[in-house]
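Engineer: Following this message is one structure expressed as structure tokens.
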Amino acid sequence: MTHNVSLTRYLIEQQRDNGRITPQLRLLIEIVARACKRIAINVNKGELGGVLGSLGTENVQGEVQKKLDVIANEVLIEANEWGGHLAAMASEEMDDIYTVPNRYPHGEYLLLFDPLDGSSNIDVNVSIGTIFSVLQHRDGQEVSAKSFLQPGCEQVAAGYCVYGPQTTLVLTVGNGVVMFTLDREQGSWVMTEDKVRIPEDTKEFAINMSNMRHWAPPVKRYIDECLAGKEGPRGKDFNMRWIASMVADVHRILTRGGIFMYPWDKREPGKPGKLRLMYEANPMAFLVEQAGGAATDGRQRILDIPPTELHQRVAVVLGSKNEVERVTAYHHEAA
Ligand code: AHG
Ligand code: MN
Ligand code: MN
């Protein structure tokens with residue numbers, strides 16, 4: 001493909017030619033992309049920028065915050081609060097929503113993010129990312145946490161930026177999935193993939209195998225069958241990858257297919273899963289479906305789940321369509 005489409009051009013064309021996005025949404029995406037550039041600069045400096053290590057504080061989920069979790073969160077808020085495109089923001093790193101201060105104009109969009117995904121990989125120089133999801137503030141009421149509690153199918157845009165060997169921004173506005181690579185010399189996002197498609201079949205799975213003894217029977221059955229390889233019921237050998245950054249695992253799946261799972265397990269039976277619905281599972285499910293893949297919680301489509309809490313957790317099965325449908329069928333059979 002020719003590398004002559006910038007993010008700005010793509011967004012202007014989505015606005016002008018297809019009426020896909022409004023000027024406010026275009027501004028929002030440009031600003032998130034700019035914030036990701038700033039986060040990338042911090043990530044790349046690493047120890048030289050004094051950004052590695054923990055802060056010693058905990059977020060609302062009881063996880064120790066790394067310095068970069070907090071830096072990335074601040075970068076996203078500062079970049080987005082003044083533009084007039086947002087009513088409020090919500091983040092993994094903030095207990096409550098962040099309403100745009102009254103000194104700035106308020107807009108019609110709600111932005112959710114996981115500012116730094118894959119925090120356990122920061123200090124060991126492995127790929128990490130930023131995930132974001134955009135909803136509309138529709139109800140006309142004063143914005144509150146409740147305004148955010150819309151199912152994933154209501155998202156008007158979603159994406160992530162992966163900080164890896166390359167810095168890549170992956171985006172959907174509901175019209176397929178596109179990828180932009182950061183050109184550091186020019187400081188611009190250049191389109192490097194315009195029709196991302198996930199193959200329907202795969203021989204590659206991603207799951208944290210150390211939790212195997214805690215899984216529910218349908219998940220155990222699926223992985224056992226993969227592990228049995230050529231001689232087993234699947235009749236083919238499978239390969240495994242687990243990066244422990246959802247962004248990086250999903251990026252691999254959008255690039256060459258695969259299935260990603262973070263299932264419920266019996267260590268904490270009351271907890272549906274580890275990943276968060278609103279700013280991890282929903283945006284990734286939107287991207288994966290837009291690329292021809294599927295995403296469920298083992299039973300139902302993630303994008304149809306009616307949220308009840310901002311920081312709600314969910315089991316996640318996503319990626320190549322036929323494999324996700326198989327895992328989902330195993331759950332239904334077991335029930
Ligand atoms: P975060 O760093 O935003 O808390 O998210 C980490 C998530 C996700 O990115 C990854 O897939 C998963 O946690 C890894 O979990 P394990 O360490 O349990 O494998
Ligand atoms: Mn995360
Ligand atoms: Mn995070």
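Residue names in the structure tokens use chain letters A, B, ... in the order shown, residue numbers from 1 in each chain, and ligand numbers from 1 in the order shown.
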List the spatial neighbours of range 296-310 of chain A as a list of chain:residue names - criterion: any atom at most 7 Å away, only C-alpha atoms, same-chain residues fewer than 6 positions off excluded.
Structural biologist: A:Ala145, A:Leu149, A:Gln150, A:Pro151, A:Gly152, A:Cys153, A:Met278, A:Asn282, A:Ala285, A:Val316, A:Val317, A:Leu318, A:Val327, A:Thr328, A:His331, A:His332
Engineer: What are the closest atom pairs, with distances in Å to one decimal, for all residues of chain A lying within 10 Å of ligand 2? Consider only C-alpha atoms and all ligand atoms, order rows by chain and residue number, and present the result as JSON lines.
Structural biologist:
```
{"residue": "A:Asp69", "atom": "CA", "partner": "ligand 2", "partner_atom_place_in_ligand_line": "1 (Mn)", "distance": 10.0}
{"residue": "A:Glu92", "atom": "CA", "partner": "ligand 2", "partner_atom_place_in_ligand_line": "1 (Mn)", "distance": 7.9}
{"residue": "A:Phe113", "atom": "CA", "partner": "ligand 2", "partner_atom_place_in_ligand_line": "1 (Mn)", "distance": 9.1}
{"residue": "A:Asp114", "atom": "CA", "partner": "ligand 2", "partner_atom_place_in_ligand_line": "1 (Mn)", "distance": 5.7}
{"residue": "A:Pro115", "atom": "CA", "partner": "ligand 2", "partner_atom_place_in_ligand_line": "1 (Mn)", "distance": 8.0}
{"residue": "A:Leu116", "atom": "CA", "partner": "ligand 2", "partner_atom_place_in_ligand_line": "1 (Mn)", "distance": 6.5}
{"residue": "A:Asp117", "atom": "CA", "partner": "ligand 2", "partner_atom_place_in_ligand_line": "1 (Mn)", "distance": 3.7}
{"residue": "A:Gly118", "atom": "CA", "partner": "ligand 2", "partner_atom_place_in_ligand_line": "1 (Mn)", "distance": 5.7}
{"residue": "A:Ser119", "atom": "CA", "partner": "ligand 2", "partner_atom_place_in_ligand_line": "1 (Mn)", "distance": 7.5}
{"residue": "A:Ser120", "atom": "CA", "partner": "ligand 2", "partner_atom_place_in_ligand_line": "1 (Mn)", "distance": 10.0}
{"residue": "A:Ile128", "atom": "CA", "partner": "ligand 2", "partner_atom_place_in_ligand_line": "1 (Mn)", "distance": 9.1}
{"residue": "A:Gly129", "atom": "CA", "partner": "ligand 2", "partner_atom_place_in_ligand_line": "1 (Mn)", "distance": 8.3}
{"residue": "A:Thr130", "atom": "CA", "partner": "ligand 2", "partner_atom_place_in_ligand_line": "1 (Mn)", "distance": 8.1}
{"residue": "A:Ile131", "atom": "CA", "partner": "ligand 2", "partner_atom_place_in_ligand_line": "1 (Mn)", "distance": 7.7}
{"residue": "A:Ala244", "atom": "CA", "partner": "ligand 2", "partner_atom_place_in_ligand_line": "1 (Mn)", "distance": 9.3}
{"residue": "A:Ser245", "atom": "CA", "partner": "ligand 2", "partner_atom_place_in_ligand_line": "1 (Mn)", "distance": 7.0}
{"residue": "A:Met246", "atom": "CA", "partner": "ligand 2", "partner_atom_place_in_ligand_line": "1 (Mn)", "distance": 6.5}
{"residue": "A:Val247", "atom": "CA", "partner": "ligand 2", "partner_atom_place_in_ligand_line": "1 (Mn)", "distance": 7.8}
{"residue": "A:Lys274", "atom": "CA", "partner": "ligand 2", "partner_atom_place_in_ligand_line": "1 (Mn)", "distance": 9.4}
{"residue": "A:Leu275", "atom": "CA", "partner": "ligand 2", "partner_atom_place_in_ligand_line": "1 (Mn)", "distance": 6.9}
{"residue": "A:Arg276", "atom": "CA", "partner": "ligand 2", "partner_atom_place_in_ligand_line": "1 (Mn)", "distance": 7.6}
{"residue": "A:Tyr279", "atom": "CA", "partner": "ligand 2", "partner_atom_place_in_ligand_line": "1 (Mn)", "distance": 8.0}
{"residue": "A:Glu280", "atom": "CA", "partner": "ligand 2", "partner_atom_place_in_ligand_line": "1 (Mn)", "distance": 6.1}
{"residue": "A:Ala281", "atom": "CA", "partner": "ligand 2", "partner_atom_place_in_ligand_line": "1 (Mn)", "distance": 9.3}
```
Engineer: I need the residues of range 23-137 of chain A that end up classed as alpha helix (DSSP H) by DSSP on the backbone, written out as a PyMOL selection string.
Structural biologist: chain A and resi 23-45+67-80
Engineer: Can you work out which one of A:Gly62, A:Pro217, A:Gly229, A:Pro263 has the shortest atom-to-atom distance to Tyr330 in chain A, counting only C-alpha atoms?
Structural biologist: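 Under the stated criterion, the closest residue is A:Pro217.
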Engineer: Would you mind telling me which residue in A:Gln166, A:Arg16, A:Glu58, A:Gln65 lies nearest to ligand 3 when using only C-alpha atoms and all ligand atoms?
Structural biologist: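 Result for the nearest residue to ligand 3: A:Gln65.
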Engineer: Would you give me, as a Markdown table, each residue of range 308-332 of chain A having an atom within 7 Å of an atom of range 196-207 of chain A, along with its shortest atom pair and that distance in Å to one decimal, using only C-alpha atoms and sorting by chain and residue number?
Structural biologist:
```
| residue | atom | partner | partner_atom | distance |
| --- | --- | --- | --- | --- |
| A:Ser320 | CA | A:Glu200 | CA | 4.7 |
| A:Lys321 | CA | A:Glu200 | CA | 4.9 |
| A:Asn322 | CA | A:Glu200 | CA | 5.6 |
| A:Glu323 | CA | A:Asp201 | CA | 6.6 |
```
Engineer: Take the selection from the previous step and output its residues with C-alpha atoms, as a compact mmCIF listing (two decimals), in the first residue's frame.
Structural biologist:
```txt
# COMPACT_ATOMS: atom_id res chain seq x y z
CA SER A 320 -10.72 -15.52 14.91
CA LYS A 321 -14.43 -16.07 14.43
CA ASN A 322 -14.60 -19.86 14.18
CA GLU A 323 -12.50 -20.39 17.32
```
Engineer: Restricting the calculation to only C-alpha atoms: of A:Asn44, A:Thr192, A:Gln61, A:Ser133, which residue gets closest to Val173 in chain A?
Structural biologist: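 For Val173 in chain A, the nearest of the given residues is A:Ser133.
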Engineer: When you count only C-alpha atoms and all ligand atoms, which of these residues is closest to ligand 1: A:Arg34, A:Lys66, A:Lys146, A:Arg326?
Structural biologist: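 Among A:Arg34, A:Lys66, A:Lys146, A:Arg326, it is A:Lys66 that comes nearest to ligand 1.
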Engineer: Quick one: pick out all strand (DSSP E or B) residues within range 108-158 of chain A from a backbone DSSP run and write them as a PyMOL selection string.
Structural biologist: chain A and resi 109-117+128-136+157-158
Engineer: Would you mind telling me which residue in A:Ile41, A:Leu48, A:Val162, A:Leu169 lies nearest to ligand 1 when using only C-alpha atoms and all ligand atoms?
Structural biologist: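 For ligand 1, the nearest of the given residues is A:Val162.
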Engineer: Rounded to one decimal in Å, what is the spacing between CA of His3 in chain A and CA of Pro165 in chain A?
Structural biologist: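 We find that CA of His3 in chain A and CA of Pro165 in chain A lie 18.8 Å from each other.
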Engineer: Counting only C-alpha atoms, which residues in range 135-193 of chain A sit no more than 12 Å from range 23-26 of chain A? For each one, give the nearest pair of atoms and the distance in Å, sorted by chain then residue number, as a tab-separated table.
Structural biologist:
```
residue	atom	partner	partner_atom	distance
A:Leu135	CA	A:Leu25	CA	10.0
A:Gln136	CA	A:Leu25	CA	9.7
A:Gln155	CA	A:Leu25	CA	11.8
A:Val156	CA	A:Leu25	CA	8.6
A:Ala157	CA	A:Leu25	CA	8.4
A:Ala158	CA	A:Leu25	CA	11.2
A:Val173	CA	A:Leu25	CA	9.4
```
Engineer: Write out, as a short mmCIF file (atom, residue, chain, number, x, y, z; two decimals), in the first residue's frame, the residues just selected, with N, CA and C atoms.
Structural biologist:
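Result file follows (result19.cif):
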```cif
data_model
loop_
_atom_site.label_atom_id
_atom_site.label_comp_id
_atom_site.auth_asym_id
_atom_site.auth_seq_id
_atom_site.Cartn_x
_atom_site.Cartn_y
_atom_site.Cartn_z
N LEU A 135 -18.04 7.24 23.51
CA LEU A 135 -19.50 7.15 23.54
C LEU A 135 -20.05 8.55 23.37
N GLN A 136 -21.36 8.63 23.10
CA GLN A 136 -22.00 9.93 23.03
C GLN A 136 -22.78 10.17 24.31
N GLN A 155 -20.71 2.39 21.01
CA GLN A 155 -19.46 3.13 20.79
C GLN A 155 -19.46 3.76 19.39
N VAL A 156 -18.96 4.99 19.31
CA VAL A 156 -18.87 5.65 18.00
C VAL A 156 -17.44 5.61 17.46
N ALA A 157 -16.50 5.28 18.32
CA ALA A 157 -15.12 5.09 17.89
C ALA A 157 -14.39 4.34 18.99
N ALA A 158 -13.34 3.64 18.61
CA ALA A 158 -12.52 2.94 19.61
C ALA A 158 -11.16 2.67 18.97
N VAL A 173 -13.97 3.70 13.39
CA VAL A 173 -15.10 4.61 13.60
C VAL A 173 -16.36 3.90 13.09
#
```
Engineer: If we count only C-alpha atoms and set the cut-off at 10 Å, which residues sit around Ala88 in chain A, ignoring sequence neighbours fewer than 4 positions away in its own chain? Please answer as a list of chain:residue names.
Structural biologist: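 Close residues of Ala88 in chain A: A:Ile77, A:Asn80, A:Glu81, A:Ile97, A:Tyr98, A:Thr99, A:Val100, A:Pro101, A:His106, A:Gly107, A:Glu108, A:Tyr109, A:Leu110, A:Leu111, A:Leu112, A:His137, A:Val143, A:Ser144, A:Ala145, A:Ser147, A:Phe148.
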Engineer: Give me a file of those residues, with N, CA, C and O atoms, as a compact mmCIF listing (two decimals), in the first residue's frame.
Structural biologist:
```
# COMPACT_ATOMS: atom_id res chain seq x y z
N ILE A 77 -5.78 13.35 30.07
CA ILE A 77 -6.72 14.34 30.61
C ILE A 77 -6.36 15.74 30.14
O ILE A 77 -7.19 16.47 29.60
N ASN A 80 -7.18 16.43 26.54
CA ASN A 80 -8.58 16.36 26.12
C ASN A 80 -9.53 17.33 26.80
O ASN A 80 -10.64 17.54 26.32
N GLU A 81 -9.10 17.93 27.92
CA GLU A 81 -10.12 18.65 28.70
C GLU A 81 -10.53 20.01 28.12
O GLU A 81 -11.63 20.49 28.38
N ILE A 97 -15.66 9.49 37.51
CA ILE A 97 -15.50 10.14 36.21
C ILE A 97 -14.85 11.51 36.40
O ILE A 97 -14.89 12.09 37.50
N TYR A 98 -14.25 12.02 35.35
CA TYR A 98 -13.65 13.35 35.35
C TYR A 98 -14.50 14.23 34.45
O TYR A 98 -14.48 14.09 33.23
N THR A 99 -15.28 15.11 35.06
CA THR A 99 -16.13 16.01 34.27
C THR A 99 -15.26 17.17 33.78
O THR A 99 -14.43 17.68 34.53
N VAL A 100 -15.45 17.56 32.55
CA VAL A 100 -14.69 18.69 32.00
C VAL A 100 -14.96 19.93 32.86
O VAL A 100 -16.12 20.27 33.12
N PRO A 101 -13.91 20.60 33.36
CA PRO A 101 -14.10 21.76 34.23
C PRO A 101 -14.92 22.85 33.54
O PRO A 101 -14.85 23.00 32.32
N HIS A 106 -18.15 22.51 27.01
CA HIS A 106 -18.48 21.08 27.08
C HIS A 106 -18.98 20.58 25.73
O HIS A 106 -19.71 21.28 25.04
N GLY A 107 -18.60 19.36 25.37
CA GLY A 107 -19.03 18.78 24.10
C GLY A 107 -19.93 17.59 24.31
O GLY A 107 -20.37 17.32 25.43
N GLU A 108 -20.19 16.88 23.23
CA GLU A 108 -21.20 15.82 23.29
C GLU A 108 -20.62 14.41 23.49
O GLU A 108 -21.35 13.44 23.49
N TYR A 109 -19.30 14.30 23.64
CA TYR A 109 -18.72 12.96 23.71
C TYR A 109 -18.21 12.59 25.10
O TYR A 109 -17.91 13.46 25.93
N LEU A 110 -18.14 11.28 25.32
CA LEU A 110 -17.60 10.71 26.55
C LEU A 110 -16.40 9.86 26.14
O LEU A 110 -16.51 9.06 25.21
N LEU A 111 -15.30 10.05 26.82
CA LEU A 111 -14.08 9.30 26.48
C LEU A 111 -13.68 8.41 27.65
O LEU A 111 -13.61 8.87 28.79
N LEU A 112 -13.45 7.13 27.33
CA LEU A 112 -12.98 6.18 28.36
C LEU A 112 -11.61 5.66 27.94
O LEU A 112 -11.38 5.44 26.75
N HIS A 137 -22.78 11.44 24.73
CA HIS A 137 -23.58 11.80 25.89
C HIS A 137 -24.95 12.20 25.36
O HIS A 137 -25.14 13.30 24.87
N VAL A 143 -24.06 15.32 33.09
CA VAL A 143 -23.22 14.13 32.93
C VAL A 143 -22.86 13.51 34.29
O VAL A 143 -22.55 14.21 35.25
N SER A 144 -22.95 12.18 34.35
CA SER A 144 -22.61 11.46 35.58
C SER A 144 -22.05 10.10 35.17
O SER A 144 -22.03 9.77 33.97
N ALA A 145 -21.64 9.31 36.15
CA ALA A 145 -21.11 7.97 35.83
C ALA A 145 -22.15 7.17 35.05
O ALA A 145 -21.82 6.36 34.18
N SER A 147 -24.12 8.17 32.77
CA SER A 147 -24.10 8.49 31.34
C SER A 147 -23.19 7.54 30.56
O SER A 147 -23.37 7.32 29.36
N PHE A 148 -22.19 6.99 31.26
CA PHE A 148 -21.23 6.10 30.61
C PHE A 148 -21.75 4.67 30.47
O PHE A 148 -21.16 3.87 29.74
```
